[in-house]
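Undergrad: Pasting a structure below so you can have a look.
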Protein chains: 2
Amino acid sequence: MTHRSVFIISDGTGITAEILGHSLLSQFPDITFRTRALPFVNSDDKVREALAQINEAAMSDGVKPLIFVTFVDRTYVEQLSASNGLLFDLFGAFLDTVAKELNMQPNRHVGYGHGVVDANRYTSRIRAVHYSMDCDDGLNTEDYNHADLIVTGVSRIGKTPVCLYLAMHFGLFCANYPLILHDLSSEQLPQTLRQHRGRIFGLTIDYDRLHAIRHERRPNSQYSDLQQCREEVQRSENLFREHNVPFINTTEASIEEIATSILQRTGIRRQFLG
Amino acid sequence: MTHRSVFIISDGTGITAEILGHSLLSQFPDITFRTRALPFVNSDDKVREALAQINEAAMSDGVKPLIFVTFVDRTYVEQLSASNGLLFDLFGAFLDTVAKELNMQPNRHVGYGHGVVDANRYTSRIRAVHYSMDCDDGLNTEDYNHADLIVTGVSRIGKTPVCLYLAMHFGLFCANYPLILHDLSSEQLPQTLRQHRGRIFGLTIDYDRLHAIRHERRPNSQYSDLQQCREEVQRSENLFREHNVPFINTTEASIEEIATSILQRTGIRRQFLG
C-alpha cells in the first residue's frame with residue numbers, strides 16, 4: 001500500500017476536523033495520507049456525493065479511507081456512517097457528555113466554531129491583524145502604546161508570522177521590531193523598546209539555522225555570512241539578558257509553539273478567537 | 001451558576017484541544033466559559049500543578065471543570081483522570097482505533113501536530129506569509145506571477161486577513177488587490193488583474209455592513225458614506241459578473257469560512273500545514 005485516503009467532512013468549514021485529524025495522523029509519519037476536504041456538506045445531495053467519493057476511494061485503495069467529521073446536524077453523520085470508510089465523529093464522541101454535564105441542549109447551529117459568533121469578536125481579529133501589519137518590522141513605533149506585545153530579534157528570525165498568528169487567533173495587537181547592526185553594536189536596547197519594557201519579547205535562533213534561512217534569501221551575501229549571523233545572534237542574546245527581556249530559541253519550534261510559549265511566558269490574557 | 005471553568009491541557013501547544021473544545025462549547029452560547037490553557041505539561045511536577053488548579057476550580061465553582069486534553073504521553077492522562085473535573089481525552093478517543101486500522105503504532109512524539117515536522121514545511125509557511133505581506137493591498141504587482149491566488153474587492157472588505165490565513169495555514173501565495181474608485185468607474189477590470197485571470201477571486205459584502213466597518217475607521221467621511229459604499233459594492237459585483245470572476249459575500253462569514261469557500265470554489269490544492 002502506498003497511501004491511505006483521508007476525508008475531512010463537515011457541515012461547516014471542517015477546520016476542527018482537519019486539525020484533529022492532522023494531529024492524530026502526524027503520529028504515523030511513515031504513511032502517506034491523501035487528504036480530501038469536503039466542507040459545507042449541508043444537504044442530502046452533498047452527503048450522497050461525499051459517500052460516493054468515499055466508496056470510490058475505498059474501492060480503488062483496497063483499504064478503508066479514514067473519515068474525520070464534525071457535523072452539527074446529526075442526520076448527516078448517520079448517513080455517512082453507511083460508507084465503506086472508518087468514521088471518526090468528533091462532535092459525536094463528546095457532545096452528549098458535555099451537554100449532560102452542563103444540563104443543557106447544544107444549540108445545533110452550524111458555523112459557531114469558526115463562524116461569526118458576534119461582530120465584536122470578528123472586528124477584534126481584523127483590527128489586530130491590521131495593527132500587526134501596520135506595525136511590522138519597526139514601522140509606526142508611535143503606535144506602540146496600543147501594543148499588547150512587541151516582538152524583537154534579528155532579521156529573518158520569524159517575528160512577522162508569529163505576530164500575525166497571535167493577532168489572527170488571539171486578537172492580540174503585536175508589533176515587531178527588528179534588531180539591526182546599529183542597535184547590536186551599541187549594546188543598548190533601542191530607545192523605542194526601552195520605553196515599552198514589560199511588553200517586549202525576544203526571539204533568538206541557532207546561528208547556523210539563521211545562516212541557512214538568510215542564505216536561501218540572499219545567497220553569499222554579508223547578510224547571510226555565517227560569522228555575521230553568529231555575531232548578531234550572540235549580541236542580541238546578550239542584550240536580552242542584560243535588559244531582562246524574556247526570550248526563546250525558535251530553531252526547532254513551529255509558529256504555533258513560539259506563539260504558545262510567548263503567551264505562557266508573558267501571562268498575557270489568552271482568549272482564543274477561532 | 002455564573003460560569004464554568006474549562007482547562008485546555010497538553011504536552012504540546014494545546015491548540016488542537018483548544019480548537020475542538022472551542023467548537024464543542026460554542027454550541028452552548030448561554031454559558032460563560034472561563035478557559036485556562038496549560039500548554040507544555042510534560043513532567044510529573046507540571047501534571048501535579050495542573051491537578052491542583054483543576055481541583056481548586058472544582059472546589060470554588062461547586063461544579064466540575066471541563067478538561068480538554070491532547071497528550072502524546074499517556075501516563076499524564078492517567079494522572080489527570082484522577083482530578084475532580086470531567087476529562088475529555090481527544091487523542092485517547094481515537095488514536096487506538098486509528099492505529100489498529102493502520103496496523104501501526106503511533107510514534108508518540110510530542111509536537112508533531114503543531115511542531116516543525118520538517119524544515120520544508122516550515123519554510124513554505126514563512127515564505128507564503130512574507131509573500132502575502134509583500135503583495136498586500138496592491139503592492140508589488142510585478143510578483144503576481146508567483147501568486148496562487150489574487151484576492152480582490154473594495155477597501156476594508158477583509159482581503160488582508162483572508163490572504164494571511166491562507167498563507168499561514170495552507171502555504172498559499174496570496175496577493176490582494178484593492179478595487180479603487182478609478183477602477184470601478186471605468187467599468188473595466190484593472191489591467192493588472194486581467195493578466196492573471198483564472199487566479200483572481202472577488203470578495204463582496206452588504207453595503208450597510210461595509211458602511212459600519214468604514215464608519216468605525218473614519219467616521220462621517222466620504223469613504224464611509226452609505227451611498228458611496230453602496231455604489232462601490234454594486235460596481236465591484238458588476239465587474240466580477242462581467243468578467244467571470246468568482247466571488248462570495250463575506251457579510252456573515254468568518255475568516256475561516258471565507259478562506260474555506262475560496263479553496264472550495266477555486267479547487268486550489270489544499271495542503272493543511274498546521
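Quick note on naming: the chains in the C-alpha cells go A, B, ... in the order shown, residues restart at 1 in each chain, and ligands are numbered from 1 in order of appearance.
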Please identify all polymer residues within 10 Å of region 77-94 of chain A, counting only C-alpha atoms, omitting same-chain residues fewer than 5 positions from it, and present them as a PyMOL selection string.
TA: (chain A and resi 5-11+16-17+20-21+44+47-48+50-59+63-72+99) or (chain B and resi 20-21+23-24+88-90+93-94+97-98+101)
Undergrad: Would you output that residue set with C-alpha atoms, as a compact mmCIF listing (two decimals), in the first residue's frame?
TA:
```
# COMPACT_ATOMS: atom_id res chain seq x y z
CA SER A 5 -7.14 8.15 1.74
CA VAL A 6 -8.42 10.58 4.34
CA PHE A 7 -11.64 12.57 4.17
CA ILE A 8 -12.36 15.68 6.20
CA ILE A 9 -16.12 16.28 6.08
CA SER A 10 -18.24 18.88 7.84
CA ASP A 11 -21.37 20.96 7.51
CA THR A 16 -11.73 21.49 13.53
CA ALA A 17 -11.83 18.04 11.92
CA LEU A 20 -7.60 16.96 14.99
CA GLY A 21 -7.16 14.60 12.04
CA ASP A 44 -28.73 15.20 1.30
CA VAL A 47 -23.84 13.80 1.62
CA ARG A 48 -24.60 11.39 -1.22
CA ALA A 50 -19.41 12.53 -0.26
CA LEU A 51 -20.49 8.90 0.20
CA ALA A 52 -19.77 8.19 -3.45
CA GLN A 53 -16.27 9.68 -3.17
CA ILE A 54 -15.50 7.68 -0.03
CA ASN A 55 -16.68 4.42 -1.53
CA GLU A 56 -14.77 5.07 -4.73
CA ALA A 57 -11.57 5.64 -2.74
CA ALA A 58 -12.22 2.51 -0.66
CA MET A 59 -12.63 0.51 -3.86
CA VAL A 63 -8.39 -0.30 2.27
CA LYS A 64 -10.79 1.80 4.29
CA PRO A 65 -10.47 5.55 4.00
CA LEU A 66 -10.30 7.38 7.34
CA ILE A 67 -13.10 9.91 7.69
CA PHE A 68 -12.91 12.73 10.23
CA VAL A 69 -16.19 14.58 10.56
CA THR A 70 -17.71 17.44 12.54
CA PHE A 71 -21.43 17.73 11.97
CA VAL A 72 -23.81 19.87 13.92
CA ALA A 99 -24.44 18.51 27.24
CA LEU B 20 -12.09 21.19 19.44
CA GLY B 21 -13.08 22.48 22.89
CA SER B 23 -16.11 24.13 18.69
CA LEU B 24 -17.97 22.00 21.22
CA PHE B 88 -12.17 14.75 27.50
CA ASP B 89 -9.22 12.83 26.11
CA LEU B 90 -9.10 13.80 22.44
CA ALA B 93 -10.81 8.68 21.97
CA PHE B 94 -9.46 7.98 18.51
CA THR B 97 -8.76 2.91 16.55
CA VAL B 98 -6.61 4.74 14.00
CA GLU B 101 -6.84 0.30 11.28
```
Undergrad: Mind listing as a VMD selection string which residues of chain B are within 7 Å of chain A, counting only C-alpha atoms?
TA: chain B and resid 13 16 19 to 20 22 to 24 26 to 28 91 95 106 to 108 112 to 116 122 126 129 161 252 to 254 256 to 257 260 274
Undergrad: Would you mind writing down, as a PyMOL selection string, each residue of region 13-243 of chain B that DSSP on the backbone assigns to alpha helix (DSSP H)?
TA: chain B and resi 15-25+44-61+74-80+90-102+119-134+159-170+181-186+191-194+207-217+226-242
Undergrad: For region 182-184 of chain B, find every residue with an atom within 9 Å (counting only C-alpha atoms), except residues of its own chain fewer than 5 positions away, and show them as a ChimeraX atom specification.
TA: /B:189-190,232,235-236,239
Undergrad: Using DSSP on the backbone, list every residue of region 49-101 of chain B that comes out as strand (DSSP E), and give them as a ChimeraX atom specification.
TA: /B:66-70,86-89
Undergrad: Write the residues of the selection above to a file with N, CA and C atoms, as a PDB file, in the first residue's frame.
TA:
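Saved result, out31.pdb, follows:
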```
ATOM      1  N   LEU B  66     -14.523  21.422  32.958  1.00  0.00           N
ATOM      2  CA  LEU B  66     -14.361  20.584  31.764  1.00  0.00           C
ATOM      3  C   LEU B  66     -12.897  20.645  31.344  1.00  0.00           C
ATOM      4  N   ILE B  67     -12.337  19.489  31.066  1.00  0.00           N
ATOM      5  CA  ILE B  67     -10.907  19.427  30.770  1.00  0.00           C
ATOM      6  C   ILE B  67     -10.700  18.782  29.404  1.00  0.00           C
ATOM      7  N   PHE B  68     -10.202  19.563  28.462  1.00  0.00           N
ATOM      8  CA  PHE B  68      -9.916  19.020  27.132  1.00  0.00           C
ATOM      9  C   PHE B  68      -8.416  18.810  27.020  1.00  0.00           C
ATOM     10  N   VAL B  69      -8.019  17.580  26.760  1.00  0.00           N
ATOM     11  CA  VAL B  69      -6.585  17.301  26.736  1.00  0.00           C
ATOM     12  C   VAL B  69      -6.155  16.590  25.452  1.00  0.00           C
ATOM     13  N   THR B  70      -4.949  16.912  25.015  1.00  0.00           N
ATOM     14  CA  THR B  70      -4.247  16.121  23.999  1.00  0.00           C
ATOM     15  C   THR B  70      -2.876  15.788  24.563  1.00  0.00           C
ATOM     16  N   LEU B  86     -14.170  16.888  34.636  1.00  0.00           N
ATOM     17  CA  LEU B  86     -14.644  15.932  33.638  1.00  0.00           C
ATOM     18  C   LEU B  86     -13.673  15.967  32.463  1.00  0.00           C
ATOM     19  N   LEU B  87     -12.987  14.834  32.254  1.00  0.00           N
ATOM     20  CA  LEU B  87     -11.878  14.808  31.304  1.00  0.00           C
ATOM     21  C   LEU B  87     -12.320  14.371  29.907  1.00  0.00           C
ATOM     22  N   PHE B  88     -11.943  15.139  28.891  1.00  0.00           N
ATOM     23  CA  PHE B  88     -12.167  14.746  27.503  1.00  0.00           C
ATOM     24  C   PHE B  88     -10.809  14.503  26.860  1.00  0.00           C
ATOM     25  N   ASP B  89     -10.540  13.254  26.587  1.00  0.00           N
ATOM     26  CA  ASP B  89      -9.223  12.833  26.113  1.00  0.00           C
ATOM     27  C   ASP B  89      -9.277  12.700  24.587  1.00  0.00           C
TER      28      ASP B  89
END
```
Undergrad: How far is it from CA of Gly171 (chain A) to CA of Gly267 (chain A), in Å with one decimal?
TA: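 CA of Gly267 (chain A) lies 15.0 Å from CA of Gly171 (chain A).
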Undergrad: Can you work out which one of A:Ile268, A:Ile248, A:Ile262, A:Leu139 has the shortest atom-to-atom distance to Ile205 (chain A), counting only C-alpha atoms?
TA: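 Closest to Ile205 (chain A), using only C-alpha atoms: A:Ile248.
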Undergrad: Please list as a ChimeraX atom specification every residue within 10 Å of Phe201 (chain B), counting only C-alpha atoms and excluding residues in the same chain fewer than 4 positions away.
TA: /B:149-153,176,197,240,244-248,262,265-266
Undergrad: What does the distance between CA of Thr250 (chain B) and CA of Val41 (chain A) come to in Å, to one decimal place?
TA: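 Spanning CA of Thr250 (chain B) to CA of Val41 (chain A) is a straight-line distance of 18.8 Å.
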Undergrad: Residues at most 12 Å from Cys229 (chain A), counting only C-alpha atoms, excluding those fewer than 2 positions away in the same chain, as a CSV table (one decimal) with C-alpha atoms, in the first residue's frame?
TA:
```csv
chain,number,residue,atom,x,y,z
A,154,VAL,CA,17.4,39.9,14.4
A,155,SER,CA,16.2,39.9,10.8
A,156,ARG,CA,14.5,36.7,9.4
A,157,ILE,CA,14.0,35.1,12.8
A,180,ILE,CA,19.7,45.8,13.4
A,181,LEU,CA,23.5,46.0,13.4
A,184,LEU,CA,23.5,45.4,18.4
A,204,THR,CA,16.7,34.0,19.1
A,205,ILE,CA,17.8,31.1,16.9
A,206,ASP,CA,20.8,28.9,16.4
A,207,TYR,CA,23.2,30.9,14.2
A,208,ASP,CA,23.7,28.2,11.7
A,209,ARG,CA,20.0,27.9,11.1
A,210,LEU,CA,19.8,31.7,10.7
A,211,HIS,CA,22.6,31.4,8.2
A,212,ALA,CA,20.7,28.8,6.2
A,213,ILE,CA,17.5,30.8,6.2
A,214,ARG,CA,19.3,34.0,5.1
A,215,HIS,CA,21.4,32.2,2.6
A,221,SER,CA,25.9,38.0,1.0
A,222,GLN,CA,27.3,39.8,4.0
A,223,TYR,CA,23.7,39.4,5.4
A,224,SER,CA,23.8,35.6,5.3
A,225,ASP,CA,27.5,35.3,6.2
A,226,LEU,CA,27.9,32.6,8.9
A,227,GLN,CA,30.2,34.8,11.1
A,231,GLU,CA,27.7,37.8,16.0
A,232,GLU,CA,24.1,39.1,15.5
A,233,VAL,CA,22.6,36.2,17.5
A,234,GLN,CA,25.2,36.5,20.3
A,235,ARG,CA,24.8,40.2,20.7
A,236,SER,CA,21.0,40.0,20.6
```
Undergrad: What is the distance between CA of His243 (chain B) and CA of Pro178 (chain B), in Å to one decimal?
TA: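 Distance reported for this atom pair: 16.3 Å.
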